[in-house]
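*Asks:* Enclosed is the structure file start21.cif (mmCIF, C-alpha atoms).
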data_protein
#
loop_
_atom_site.label_atom_id
_atom_site.label_comp_id
_atom_site.auth_asym_id
_atom_site.auth_seq_id
_atom_site.Cartn_x
_atom_site.Cartn_y
_atom_site.Cartn_z
CA MET R 63 87.28 147.81 84.64
CA ILE R 64 90.45 146.65 82.91
CA TYR R 65 89.07 143.10 82.84
CA TRP R 66 85.88 144.29 81.17
CA GLN R 67 87.99 146.13 78.56
CA ILE R 68 90.12 143.03 77.99
CA PHE R 69 86.94 141.01 77.60
CA LEU R 70 85.50 143.43 75.02
CA ALA R 71 88.81 143.78 73.16
CA PHE R 72 88.87 140.03 72.43
CA PHE R 73 85.14 139.32 72.36
CA ILE R 74 84.62 141.59 69.34
CA PRO R 75 87.33 139.98 67.12
CA GLY R 76 86.03 136.56 68.28
CA ILE R 77 82.52 137.15 66.96
CA LEU R 78 83.40 139.25 63.90
CA GLY R 79 86.46 137.41 62.59
CA TYR R 80 85.73 134.85 59.89
CA GLY R 81 88.34 132.45 58.58
CA GLY R 82 90.13 131.35 61.74
CA GLY R 83 92.73 132.93 63.97
CA PRO R 84 94.91 134.67 61.35
CA ALA R 85 91.82 136.52 60.06
CA LEU R 86 91.35 137.95 63.54
CA ILE R 87 94.75 139.68 63.64
CA PRO R 88 93.66 143.02 62.09
CA LEU R 89 90.57 143.09 64.33
CA VAL R 90 92.70 142.50 67.43
CA GLU R 91 95.06 145.24 66.31
CA ASN R 92 92.12 147.60 65.89
CA GLU R 93 91.10 147.02 69.51
CA VAL R 94 94.41 146.85 71.38
CA VAL R 95 96.31 149.45 69.34
CA GLY R 96 93.53 151.63 67.94
CA ARG R 97 90.87 151.69 70.65
CA TYR R 98 92.64 151.03 73.94
CA GLY R 99 96.20 152.05 73.07
CA TRP R 100 97.72 149.23 75.15
CA LEU R 101 100.42 148.66 72.55
CA THR R 102 102.05 150.76 69.84
CA VAL R 103 102.00 149.50 66.27
CA SER R 104 105.58 148.30 66.52
CA GLU R 105 104.99 146.57 69.86
CA PHE R 106 102.00 144.86 68.29
CA SER R 107 104.05 143.66 65.36
CA GLU R 108 106.66 142.25 67.76
CA VAL R 109 103.96 140.26 69.54
CA LEU R 110 102.70 139.13 66.15
CA ALA R 111 106.17 138.10 64.99
CA ILE R 112 106.73 135.94 68.06
CA SER R 113 103.22 134.50 67.78
CA ASN R 114 103.99 133.48 64.23
CA ALA R 115 107.27 131.88 65.24
CA LEU R 116 105.59 129.72 67.86
CA PRO R 117 103.25 126.77 67.30
CA GLY R 118 99.56 126.75 68.20
CA PRO R 119 96.55 128.92 67.36
CA ILE R 120 97.48 132.60 66.79
CA ALA R 121 94.39 134.26 68.28
CA THR R 122 94.64 132.57 71.67
CA LYS R 123 98.37 133.25 71.96
CA MET R 124 97.77 136.95 71.34
CA ALA R 125 94.77 137.11 73.69
CA GLY R 126 96.75 135.25 76.35
CA TYR R 127 99.82 137.43 76.11
CA ILE R 128 98.13 140.82 75.77
CA GLY R 129 95.64 139.90 78.51
CA PHE R 130 98.54 138.90 80.77
CA GLN R 131 100.41 142.11 80.02
CA GLN R 132 97.39 144.28 80.85
CA GLY R 133 95.80 142.36 83.70
CA GLY R 134 98.09 139.57 84.93
CA VAL R 135 97.02 135.93 85.06
CA LEU R 136 93.33 136.84 85.42
CA GLY R 137 93.64 139.17 82.43
CA ALA R 138 95.08 136.30 80.35
CA VAL R 139 92.20 134.04 81.37
CA VAL R 140 89.63 136.74 80.52
CA GLY R 141 91.21 137.45 77.11
CA VAL R 142 91.38 133.78 76.09
CA PHE R 143 87.83 133.12 77.34
CA ALA R 144 86.48 136.11 75.38
CA VAL R 145 88.05 134.97 72.12
CA VAL R 146 87.20 131.27 72.47
CA ALA R 147 83.84 130.96 74.24
CA PRO R 148 81.28 132.80 72.05
CA SER R 149 82.07 130.97 68.81
CA LEU R 150 82.45 127.63 70.61
CA VAL R 151 79.01 127.93 72.24
CA LEU R 152 77.48 128.67 68.83
CA MET R 153 79.28 125.67 67.33
CA LEU R 154 78.13 123.30 70.10
CA THR R 155 74.52 124.42 69.82
CA LEU R 156 74.29 124.08 66.04
CA LEU R 157 76.12 120.74 65.82
CA ASN R 158 74.04 119.27 68.64
CA ILE R 159 70.86 120.15 66.73
CA LEU R 160 72.29 118.50 63.61
CA MET R 161 73.33 115.36 65.49
CA LYS R 162 69.83 114.94 66.93
CA HIS R 163 68.44 114.75 63.42
CA LYS R 164 71.31 112.89 61.78
CA GLU R 165 69.05 110.10 60.47
CA SER R 166 66.81 112.56 58.63
CA PRO R 167 67.34 112.53 54.83
CA LYS R 168 67.62 116.33 54.88
CA VAL R 169 70.59 116.22 57.25
CA LYS R 170 72.24 113.42 55.27
CA ARG R 171 71.86 115.51 52.13
CA LEU R 172 73.45 118.40 53.95
CA THR R 173 76.67 116.42 54.43
CA VAL R 174 76.74 115.55 50.74
CA PHE R 175 76.11 119.13 49.58
CA VAL R 176 78.73 120.62 51.84
CA ARG R 177 81.50 118.10 51.14
CA PRO R 178 82.72 119.48 47.77
CA VAL R 179 82.82 122.98 49.28
CA VAL R 180 84.97 121.76 52.15
CA GLY R 181 87.22 120.25 49.48
CA VAL R 182 87.45 123.60 47.70
CA LEU R 183 88.11 125.54 50.93
CA LEU R 184 90.94 123.14 51.75
CA GLY R 185 92.21 123.49 48.19
CA ILE R 186 92.28 127.28 48.51
CA LEU R 187 94.11 126.98 51.83
CA THR R 188 96.62 124.64 50.14
CA TYR R 189 97.19 127.22 47.41
CA ASP R 190 97.68 129.99 50.00
CA PHE R 191 100.31 127.94 51.81
CA ILE R 192 102.14 127.14 48.56
CA ALA R 193 102.07 130.83 47.55
CA THR R 194 103.38 131.90 50.99
CA SER R 195 106.14 129.33 50.76
CA HIS R 196 107.06 130.33 47.22
CA ALA R 197 107.31 133.99 48.26
CA GLY R 198 109.30 133.12 51.39
CA ILE R 199 111.81 130.38 50.51
CA GLY R 200 111.47 130.18 46.73
CA LEU R 201 110.33 127.54 44.25
CA TRP R 202 113.04 124.89 44.66
CA GLN R 203 112.99 124.69 48.46
CA THR R 204 109.19 124.53 48.34
CA ILE R 205 109.26 121.65 45.86
CA LEU R 206 112.03 119.86 47.74
CA ILE R 207 110.39 120.07 51.18
CA GLY R 208 106.96 119.40 49.68
CA THR R 209 108.06 116.27 47.80
CA VAL R 210 110.04 114.81 50.68
CA SER R 211 107.19 115.36 53.14
CA PHE R 212 104.66 113.92 50.67
CA PHE R 213 106.59 110.65 50.47
CA LEU R 214 107.19 110.50 54.21
CA LEU R 215 103.52 111.16 55.02
CA GLU R 216 101.76 109.21 52.28
CA LYS R 217 104.16 106.43 51.24
CA PHE R 218 105.96 105.66 54.49
CA ARG R 219 103.09 106.69 56.79
CA VAL R 220 105.34 108.68 59.13
CA HIS R 221 103.37 110.54 61.83
CA PRO R 222 102.98 114.25 60.85
CA ALA R 223 104.51 115.32 64.16
CA TYR R 224 107.85 113.78 63.14
CA VAL R 225 107.70 115.27 59.65
CA ILE R 226 106.99 118.73 61.10
CA ALA R 227 109.75 118.33 63.68
CA GLY R 228 112.09 117.27 60.87
CA SER R 229 111.20 120.31 58.77
CA LEU R 230 111.84 122.59 61.77
CA VAL R 231 115.34 121.17 62.14
CA TYR R 232 115.94 121.45 58.39
CA GLY R 233 114.72 125.06 58.42
CA ALA R 234 116.86 126.04 61.41
CA ILE R 235 119.98 124.67 59.70
CA PHE R 236 119.53 125.24 55.97
CA LEU R 237 117.12 128.18 55.69
CA SER R 238 118.70 130.56 58.18
CA MET C 1192 91.94 106.72 79.44
CA LYS C 1193 89.69 108.52 76.99
CA GLN C 1194 90.47 111.87 78.61
CA LEU C 1195 94.18 111.08 78.35
CA HIS C 1196 93.77 110.39 74.63
CA ILE C 1197 91.85 113.64 74.17
CA PHE C 1198 94.61 115.48 75.97
CA LEU C 1199 97.40 113.86 73.94
CA ALA C 1200 95.59 114.36 70.62
CA PHE C 1201 95.04 118.08 71.10
CA PHE C 1202 98.35 118.67 72.86
CA ARG C 1203 100.10 117.37 69.73
CA VAL C 1204 97.84 119.51 67.53
CA GLY C 1205 98.71 122.58 69.60
CA ILE C 1206 102.47 122.19 69.68
CA PHE C 1207 102.93 121.00 66.09
CA GLY C 1208 100.52 123.39 64.41
CA TYR C 1209 102.73 126.15 63.06
CA GLY C 1210 101.07 129.09 61.34
CA GLY C 1211 97.92 129.42 63.40
CA GLY C 1212 94.63 127.55 63.56
CA PRO C 1213 94.04 126.77 59.86
CA SER C 1214 97.39 124.99 59.55
CA SER C 1215 96.40 122.73 62.44
CA ILE C 1216 93.32 121.40 60.57
CA PRO C 1217 95.19 118.47 58.96
CA LEU C 1218 96.72 117.63 62.34
CA VAL C 1219 93.29 117.53 63.98
CA TYR C 1220 92.11 115.32 61.10
CA ASN C 1221 95.04 112.99 61.59
CA GLU C 1222 94.43 112.56 65.32
CA VAL C 1223 90.64 112.47 65.32
CA VAL C 1224 89.84 110.50 62.16
CA LYS C 1225 92.94 108.45 61.44
CA LYS C 1226 94.55 107.74 64.80
CA TYR C 1227 91.71 107.57 67.35
CA LYS C 1228 88.82 107.03 64.88
CA TRP C 1229 86.42 109.12 66.95
CA MET C 1230 84.57 110.02 63.74
CA ASP C 1231 84.66 109.37 59.99
CA ASP C 1232 85.59 111.66 57.09
CA ASP C 1233 82.00 112.85 56.64
CA GLN C 1234 81.40 113.84 60.23
CA PHE C 1235 84.74 115.62 60.26
CA GLY C 1236 83.75 117.42 57.04
CA ASP C 1237 80.48 118.60 58.62
CA ILE C 1238 82.31 119.95 61.66
CA LEU C 1239 84.89 121.68 59.48
CA ALA C 1240 82.19 123.22 57.26
CA LEU C 1241 80.26 124.55 60.21
CA GLY C 1242 83.46 125.72 61.88
CA ASN C 1243 84.26 127.66 58.71
CA ALA C 1244 80.76 129.11 58.58
CA LEU C 1245 80.97 130.48 62.12
CA PRO C 1246 83.18 133.35 63.28
CA GLY C 1247 86.12 133.04 65.66
CA PRO C 1248 89.29 130.95 65.79
CA ILE C 1249 88.91 127.64 63.95
CA ALA C 1250 91.24 125.50 66.10
CA THR C 1251 89.42 126.14 69.37
CA LYS C 1252 85.99 125.62 67.82
CA MET C 1253 87.08 122.21 66.54
CA ALA C 1254 88.94 121.21 69.71
CA GLY C 1255 86.03 122.30 71.91
CA TYR C 1256 83.36 120.53 69.90
CA ILE C 1257 85.27 117.31 69.25
CA GLY C 1258 86.35 117.18 72.91
CA TYR C 1259 82.72 117.62 73.92
CA ARG C 1260 81.53 114.86 71.61
CA VAL C 1261 84.13 112.38 72.73
CA GLY C 1262 84.25 113.18 76.44
CA GLY C 1263 81.46 115.56 77.46
CA VAL C 1264 82.09 118.90 79.16
CA ALA C 1265 85.29 117.62 80.78
CA GLY C 1266 86.47 116.49 77.33
CA MET C 1267 85.70 119.93 75.93
CA LEU C 1268 87.76 121.75 78.57
CA ASN C 1269 90.47 119.14 78.29
CA ALA C 1270 90.79 119.49 74.48
CA LEU C 1271 90.69 123.29 74.64
CA LEU C 1272 93.34 123.60 77.33
CA ALA C 1273 95.56 120.94 75.73
CA SER C 1274 95.56 122.79 72.41
CA ILE C 1275 96.04 126.35 73.65
CA LEU C 1276 97.63 126.38 77.11
CA PRO C 1277 101.15 125.09 76.28
CA THR C 1278 101.70 127.73 73.61
CA ILE C 1279 100.15 130.58 75.63
CA LEU C 1280 102.58 129.81 78.46
CA LEU C 1281 105.40 129.62 75.94
CA ILE C 1282 104.62 133.03 74.43
CA ILE C 1283 104.28 134.73 77.82
CA PHE C 1284 107.59 133.20 78.81
CA LEU C 1285 109.33 134.13 75.56
CA LEU C 1286 108.00 137.67 75.41
CA THR C 1287 108.81 138.44 79.00
CA VAL C 1288 112.18 136.68 79.23
CA LEU C 1289 113.65 135.84 75.87
CA ASN C 1290 112.46 138.55 73.52
CA LYS C 1291 115.77 138.63 71.65
CA TYR C 1292 115.30 135.31 69.86
CA LYS C 1293 112.62 136.42 67.44
CA ASP C 1294 115.12 138.13 65.13
CA GLU C 1295 117.38 135.10 64.92
CA THR C 1296 117.51 133.75 61.38
CA TRP C 1297 117.16 130.13 62.52
CA VAL C 1298 113.79 130.95 64.04
CA SER C 1299 112.47 132.34 60.77
CA GLY C 1300 114.08 129.39 58.93
CA MET C 1301 112.06 127.00 61.09
CA THR C 1302 108.82 128.86 60.47
CA SER C 1303 109.26 128.90 56.71
CA ALA C 1304 110.33 125.25 56.34
CA VAL C 1305 107.09 124.01 57.86
CA VAL C 1306 104.84 125.82 55.34
CA PRO C 1307 105.32 123.35 52.43
CA VAL C 1308 104.73 120.42 54.81
CA VAL C 1309 101.37 121.87 55.84
CA ALA C 1310 100.59 122.51 52.15
CA VAL C 1311 101.14 118.81 51.37
CA MET C 1312 98.89 117.75 54.26
CA LEU C 1313 96.17 120.14 53.12
CA ALA C 1314 96.48 118.91 49.53
CA THR C 1315 95.96 115.29 50.63
CA MET C 1316 92.88 116.29 52.62
CA THR C 1317 91.51 118.24 49.66
CA TRP C 1318 91.88 115.17 47.49
CA SER C 1319 90.20 112.90 50.03
CA PHE C 1320 87.18 115.20 50.33
CA ILE C 1321 86.75 115.49 46.57
CA LYS C 1322 87.17 111.74 46.07
CA ASN C 1323 84.59 111.00 48.79
CA SER C 1324 82.26 113.51 47.25
CA ALA C 1325 82.42 111.72 43.90
CA LYS C 1326 81.63 108.44 45.66
CA SER C 1327 78.37 109.87 47.05
CA PHE C 1328 75.15 110.21 45.02
CA LEU C 1329 76.59 113.37 43.49
CA GLY C 1330 78.99 111.29 41.37
CA TRP C 1331 81.92 112.83 39.48
CA GLY C 1332 79.69 115.00 37.28
CA TRP C 1333 77.92 116.91 40.05
CA THR C 1334 81.05 116.96 42.19
CA ILE C 1335 82.97 118.74 39.43
CA ILE C 1336 80.07 121.18 38.95
CA PHE C 1337 79.99 121.87 42.72
CA VAL C 1338 83.77 122.31 42.83
CA ILE C 1339 83.95 124.67 39.85
CA GLY C 1340 80.87 126.54 41.09
CA SER C 1341 82.38 127.07 44.54
CA ILE C 1342 85.74 128.16 43.11
CA ILE C 1343 83.95 130.79 41.00
CA ILE C 1344 81.79 131.95 43.91
CA LEU C 1345 84.65 132.08 46.42
CA GLU C 1346 87.63 133.20 44.37
CA PHE C 1347 86.18 135.23 41.51
CA LEU C 1348 82.99 136.69 42.94
CA HIS C 1349 84.66 136.98 46.37
CA ILE C 1350 81.58 135.83 48.21
CA HIS C 1351 82.32 134.85 51.77
CA PRO C 1352 82.49 131.05 52.44
CA ALA C 1353 80.05 131.49 55.34
CA ILE C 1354 77.38 132.69 52.90
CA LEU C 1355 78.02 129.82 50.47
CA ILE C 1356 77.89 127.21 53.25
CA ALA C 1357 74.77 128.77 54.76
CA GLY C 1358 73.14 128.75 51.30
CA LEU C 1359 73.93 125.06 50.78
CA LEU C 1360 72.63 124.21 54.26
CA MET C 1361 69.36 125.95 53.41
CA ALA C 1362 69.14 124.18 50.04
CA ALA C 1363 69.72 120.78 51.64
CA LEU C 1364 67.08 121.38 54.32
CA LEU C 1365 64.44 122.96 52.10
CA LYS C 1366 64.72 120.65 49.08
CA LYS C 1367 61.59 118.56 48.56
CA ASP C 1368 61.91 115.02 49.85
CA SER C 1369 60.70 113.46 46.60
CA ALA C 1370 64.31 113.63 45.50
CA ASP C 1371 65.24 111.29 48.30
CA ASN C 1372 63.93 108.25 46.48
CA LYS C 1373 66.48 108.91 43.81
CA VAL C 1374 69.12 109.30 46.49
CA LYS C 1375 68.32 105.93 47.96
CA GLU C 1376 68.25 104.25 44.55
CA ARG C 1377 71.68 105.48 43.61
CA GLN C 1378 73.17 104.67 46.97
CA SER C 1379 71.92 101.07 46.92
#
What does the file become when written as structure tokens?

*Replies:*
Amino acid sequence: MIYWQIFLAFFIPGILGYGGGPALIPLVENEVVGRYGWLTVSEFSEVLAISNALPGPIATKMAGYIGFQQGGVLGAVVGVFAVVAPSLVLMLTLLNILMKHKESPKVKRLTVFVRPVVGVLLGILTYDFIATSHAGIGLWQTILIGTVSFFLLEKFRVHPAYVIAGSLVYGAIFLS
Amino acid sequence: MKQLHIFLAFFRVGIFGYGGGPSSIPLVYNEVVKKYKWMDDDQFGDILALGNALPGPIATKMAGYIGYRVGGVAGMLNALLASILPTILLIIFLLTVLNKYKDETWVSGMTSAVVPVVAVMLATMTWSFIKNSAKSFLGWGWTIIFVIGSIIILEFLHIHPAILIAGLLMAALLKKDSADNKVKERQS
């Protein structure tokens, strides 16, 4: 019974949440705090705070941890499966259909039509990150870290993993 | 060997993607297009567009599909587990054993310092998609019209991206093929 509830609690955000993991957070809260009462609001925000402080996708970390808390290892597996599987199956089906017809002029046109929109969506995401950074660490730190990482990534072709690791060290020392 | 590469690519995406799925998009791009060259910019753009048009976490949709394309069902499971398992274990460990660290200032310092880095990576990707778009038969003129149109639709009319993408998919599929001659002429 608890496994079925865990499944439903993460299946619903998984199929209703648009815009990636962070967009799922309020939906997850609605289920685990509002419907099932597994966590209080403040417990939920603690889980969220730690999730945010750790790397990796948010939604699966929350599903994994809350599932584990409610139903042990099997609960964690059920929670992660419920949040990941439905949308992935949909994605595989649709992209496989597209790939079968990739030589068709209609499908080629599709790529061309969608490309500027992908550009805009990425642009909006860029703006969101800059705004978050500006609100969090201020204008000068944002410009400083942004400029240094731009040169490292684009001019000196440093692997992003090293630049991110470097920024983590910088943040731990200078932004604490 | 291929499975090892899939594992390494998505393991790095998982442990270096701070800020949830969307901030790991440029990392996926870096591994999949630039490092291992499993696909080109366009194919990646299609996957990203469809990923955005469908509900659910973005990182796992991309990892699952790309893993499947490169290495079949085993590749799919491999990519999924590599991107999510390390951090799930980490959070269970931290929340059960080391709960006290989350209020430390150095932890929040780390999280905020990585935001501008991700912004730079996203900005470069934005530019590469717009530049590639202008190189296609759309040219700069139509690209700019598409860009401004989508900004208005998404940001000012607050229409959901899934609806815009679905609309464009329909338009591309339903448009009469007579236009294709023009397409071929301009491409040649």

*Asks:* Taking only C-alpha atoms into account, which of C:Gly1211, C:Gly1358, C:Pro1277, C:Pro1307 comes nearest R:Leu201?

*Replies:*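 Counting only C-alpha atoms, the residue closest to R:Leu201 is C:Pro1307.
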
*Asks:* Using only C-alpha atoms, can you tell me which of R:Gly76, R:His163, R:Val220, R:Val94 comes closest to chain C?

*Replies:* R:Gly76

*Asks:* Near C:Leu1280, within 10 Å and counting all atoms listed in the file, which residues show up once chain neighbours fewer than 4 positions away are dropped, as number ranges by chain?

*Replies:* R: 123, 126-127; C: 1275-1276, 1284-1285

*Asks:* Only C-alpha atoms, please: the residues just picked out, written as a PDB file, in the frame of the given file.

*Replies:*
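This went into again-v9.pdb:
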ATOM      1  CA  LYS R 123      98.370 133.250  71.960  1.00  0.00           C
ATOM      2  CA  GLY R 126      96.750 135.250  76.350  1.00  0.00           C
ATOM      3  CA  TYR R 127      99.820 137.430  76.110  1.00  0.00           C
TER       4      TYR R 127
ATOM      5  CA  ILE C1275      96.040 126.350  73.650  1.00  0.00           C
ATOM      6  CA  LEU C1276      97.630 126.380  77.110  1.00  0.00           C
ATOM      7  CA  PHE C1284     107.590 133.200  78.810  1.00  0.00           C
ATOM      8  CA  LEU C1285     109.330 134.130  75.560  1.00  0.00           C
TER       9      LEU C1285
END

*Asks:* Using the chain letters and numbers from the file, which residues does the PyMOL selection byres ((chain R and resi 140) around 10) grab, as a list of chain:residue names?

*Replies:* R:Tyr65, R:Trp66, R:Gln67, R:Ile68, R:Phe69, R:Leu70, R:Phe72, R:Phe73, R:Ala125, R:Gly126, R:Gly129, R:Phe130, R:Gly133, R:Gly134, R:Val135, R:Leu136, R:Gly137, R:Ala138, R:Val139, R:Gly141, R:Val142, R:Phe143, R:Ala144, R:Val145

*Asks:* Grab the residues selected above and save them as a PDB file, in the coordinates of the input with C-alpha atoms.

*Replies:*
ATOM      1  CA  TYR R  65      89.070 143.100  82.840  1.00  0.00           C
ATOM      2  CA  TRP R  66      85.880 144.290  81.170  1.00  0.00           C
ATOM      3  CA  GLN R  67      87.990 146.130  78.560  1.00  0.00           C
ATOM      4  CA  ILE R  68      90.120 143.030  77.990  1.00  0.00           C
ATOM      5  CA  PHE R  69      86.940 141.010  77.600  1.00  0.00           C
ATOM      6  CA  LEU R  70      85.500 143.430  75.020  1.00  0.00           C
ATOM      7  CA  PHE R  72      88.870 140.030  72.430  1.00  0.00           C
ATOM      8  CA  PHE R  73      85.140 139.320  72.360  1.00  0.00           C
ATOM      9  CA  ALA R 125      94.770 137.110  73.690  1.00  0.00           C
ATOM     10  CA  GLY R 126      96.750 135.250  76.350  1.00  0.00           C
ATOM     11  CA  GLY R 129      95.640 139.900  78.510  1.00  0.00           C
ATOM     12  CA  PHE R 130      98.540 138.900  80.770  1.00  0.00           C
ATOM     13  CA  GLY R 133      95.800 142.360  83.700  1.00  0.00           C
ATOM     14  CA  GLY R 134      98.090 139.570  84.930  1.00  0.00           C
ATOM     15  CA  VAL R 135      97.020 135.930  85.060  1.00  0.00           C
ATOM     16  CA  LEU R 136      93.330 136.840  85.420  1.00  0.00           C
ATOM     17  CA  GLY R 137      93.640 139.170  82.430  1.00  0.00           C
ATOM     18  CA  ALA R 138      95.080 136.300  80.350  1.00  0.00           C
ATOM     19  CA  VAL R 139      92.200 134.040  81.370  1.00  0.00           C
ATOM     20  CA  GLY R 141      91.210 137.450  77.110  1.00  0.00           C
ATOM     21  CA  VAL R 142      91.380 133.780  76.090  1.00  0.00           C
ATOM     22  CA  PHE R 143      87.830 133.120  77.340  1.00  0.00           C
ATOM     23  CA  ALA R 144      86.480 136.110  75.380  1.00  0.00           C
ATOM     24  CA  VAL R 145      88.050 134.970  72.120  1.00  0.00           C
TER      25      VAL R 145
END

*Asks:* Select, from R:Ala193, R:Val95, R:Leu154, R:Ile159, the residue with the minimum atom-to-atom distance to chain C, counting only C-alpha atoms.

*Replies:* R:Leu154

*Asks:* So which residues touch stretch 181-186 of chain R within 9 Å, counting only C-alpha atoms, skipping near sequence neighbours fewer than 2 positions away, as a list in words?

*Replies:*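 Contacts, with the query itself left out: Val176, Arg177, Pro178, Val179, Thr188, Tyr189, Asp190 and Phe191 of chain R; Gly1236, Ala1240, Asn1243, Leu1313, Ala1314, Met1316, Thr1317, Trp1318, Ser1319, Phe1320, Ile1321, Ser1324, Val1338, Ile1339, Ser1341, Ile1342, Leu1345, Glu1346 and Pro1352 of chain C.
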
*Asks:* Specify as an MDAnalysis selection string each residue included when the PyMOL selection byres ((chain C and resi 1262) around 12) is applied to this file.

*Replies:* chainID C and resid 1192:1198 1229 1254:1261 1263:1270

*Asks:* Which residues are close to C:Val1224, i.e. within 12 Å by only C-alpha atoms, leaving aside same-chain residues fewer than 4 positions away? Reply as an MDAnalysis selection string.

*Replies:* chainID C and resid 1200 1216:1220 1228:1236 1257 1316

*Asks:* Take the selection from the previous step and output its residues with C-alpha atoms, as a PDB file, in the coordinates of the input.

*Replies:*
ATOM      1  CA  ALA C1200      95.590 114.360  70.620  1.00  0.00           C
ATOM      2  CA  ILE C1216      93.320 121.400  60.570  1.00  0.00           C
ATOM      3  CA  PRO C1217      95.190 118.470  58.960  1.00  0.00           C
ATOM      4  CA  LEU C1218      96.720 117.630  62.340  1.00  0.00           C
ATOM      5  CA  VAL C1219      93.290 117.530  63.980  1.00  0.00           C
ATOM      6  CA  TYR C1220      92.110 115.320  61.100  1.00  0.00           C
ATOM      7  CA  LYS C1228      88.820 107.030  64.880  1.00  0.00           C
ATOM      8  CA  TRP C1229      86.420 109.120  66.950  1.00  0.00           C
ATOM      9  CA  MET C1230      84.570 110.020  63.740  1.00  0.00           C
ATOM     10  CA  ASP C1231      84.660 109.370  59.990  1.00  0.00           C
ATOM     11  CA  ASP C1232      85.590 111.660  57.090  1.00  0.00           C
ATOM     12  CA  ASP C1233      82.000 112.850  56.640  1.00  0.00           C
ATOM     13  CA  GLN C1234      81.400 113.840  60.230  1.00  0.00           C
ATOM     14  CA  PHE C1235      84.740 115.620  60.260  1.00  0.00           C
ATOM     15  CA  GLY C1236      83.750 117.420  57.040  1.00  0.00           C
ATOM     16  CA  ILE C1257      85.270 117.310  69.250  1.00  0.00           C
ATOM     17  CA  MET C1316      92.880 116.290  52.620  1.00  0.00           C
TER      18      MET C1316
END

*Asks:* Would you please work out which residue, of C:Leu1272, C:Ile1343, C:Met1301, C:Leu1239, is nearest to chain R when using all atoms listed in the file?

*Replies:* C:Met1301

*Asks:* Quick one: distance from atom CA of R:Thr204 to atom CA of C:Thr1315 in Å, one decimal?

*Replies:*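 We find that atom CA of R:Thr204 and atom CA of C:Thr1315 lie 16.3 Å from each other.
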
*Asks:* As an exercise, work out the distance from atom CA of C:Thr1278 to atom CA of R:Gly118 in Å and give it to one decimal place.

*Replies:*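 Calculated distance between atom CA of C:Thr1278 and atom CA of R:Gly118 is 5.9 Å.
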
*Asks:* Hey, could you pull the box centre and edge lengths for stretch 1254-1268 of chain C, axis-aligned, 4 Å padding per side, all listed atoms, to one decimal in Å, as lines of an AutoDock Vina configuration file?

*Replies:*
center_x = 85.2
center_y = 117.3
center_z = 75.0
size_x = 15.5
size_y = 17.9
size_z = 19.5

*Asks:* Please measure the separation of atom CA of R:Ala71 and atom CA of R:Tyr98, giving the value in Å to one decimal.

*Replies:*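 Computing it gives 8.2 Å between the two atoms.
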
*Asks:* Residues within 8 Å of C:Lys1252, please, as a ChimeraX atom specification. Count only C-alpha atoms; anything in the same chain fewer than 6 positions from it doesn't count.

*Replies:* /R:146,149-150,153 /C:1242

*Asks:* Any chance you could export the current selection's C-alpha atoms as a PDB file, in the frame of the given file?

*Replies:*
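Written output follows (part_10.pdb):
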ATOM      1  CA  VAL R 146      87.200 131.270  72.470  1.00  0.00           C
ATOM      2  CA  SER R 149      82.070 130.970  68.810  1.00  0.00           C
ATOM      3  CA  LEU R 150      82.450 127.630  70.610  1.00  0.00           C
ATOM      4  CA  MET R 153      79.280 125.670  67.330  1.00  0.00           C
TER       5      MET R 153
ATOM      6  CA  GLY C1242      83.460 125.720  61.880  1.00  0.00           C
TER       7      GLY C1242
END

*Asks:* With all atoms listed in the file as the basis for distance, which of R:Ala147, R:Leu101, R:Leu156, R:Ile77 is at the shortest distance from chain C?

*Replies:* R:Ile77

*Asks:* Just checking: using only C-alpha atoms, which residue out of C:Phe1207, C:Phe1347, C:Phe1201, C:Phe1328 ends up closest to R:Ala115?

*Replies:*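 Residue with the minimum atom-to-atom distance to R:Ala115: C:Phe1207.
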
*Asks:* Can you list what the PyMOL selection byres ((chain R and resi 207-213) around 9) grabs from this structure, as a list in words?

*Replies:*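 Taken on the displayed file, the PyMOL selection byres ((chain R and resi 207-213) around 9) yields the residues Trp202, Gln203, Thr204, Ile205, Leu206, Leu214, Leu215, Glu216, Lys217, Phe218, Arg219, Val220, Pro222, Val225, Ile226 and Ser229 of chain R; Ala1304, Val1305, Val1306, Pro1307, Val1308, Val1309, Ala1310, Val1311, Met1312 and Thr1315 of chain C.
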
*Asks:* Next, write the just-selected residues to a file, as a CSV table (one decimal), in the coordinates of the input, keeping C-alpha atoms as the atom set.

*Replies:*
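part-v7.csv written:
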chain,number,residue,atom,x,y,z
R,202,TRP,CA,113.0,124.9,44.7
R,203,GLN,CA,113.0,124.7,48.5
R,204,THR,CA,109.2,124.5,48.3
R,205,ILE,CA,109.3,121.6,45.9
R,206,LEU,CA,112.0,119.9,47.7
R,214,LEU,CA,107.2,110.5,54.2
R,215,LEU,CA,103.5,111.2,55.0
R,216,GLU,CA,101.8,109.2,52.3
R,217,LYS,CA,104.2,106.4,51.2
R,218,PHE,CA,106.0,105.7,54.5
R,219,ARG,CA,103.1,106.7,56.8
R,220,VAL,CA,105.3,108.7,59.1
R,222,PRO,CA,103.0,114.2,60.8
R,225,VAL,CA,107.7,115.3,59.6
R,226,ILE,CA,107.0,118.7,61.1
R,229,SER,CA,111.2,120.3,58.8
C,1304,ALA,CA,110.3,125.2,56.3
C,1305,VAL,CA,107.1,124.0,57.9
C,1306,VAL,CA,104.8,125.8,55.3
C,1307,PRO,CA,105.3,123.4,52.4
C,1308,VAL,CA,104.7,120.4,54.8
C,1309,VAL,CA,101.4,121.9,55.8
C,1310,ALA,CA,100.6,122.5,52.2
C,1311,VAL,CA,101.1,118.8,51.4
C,1312,MET,CA,98.9,117.8,54.3
C,1315,THR,CA,96.0,115.3,50.6
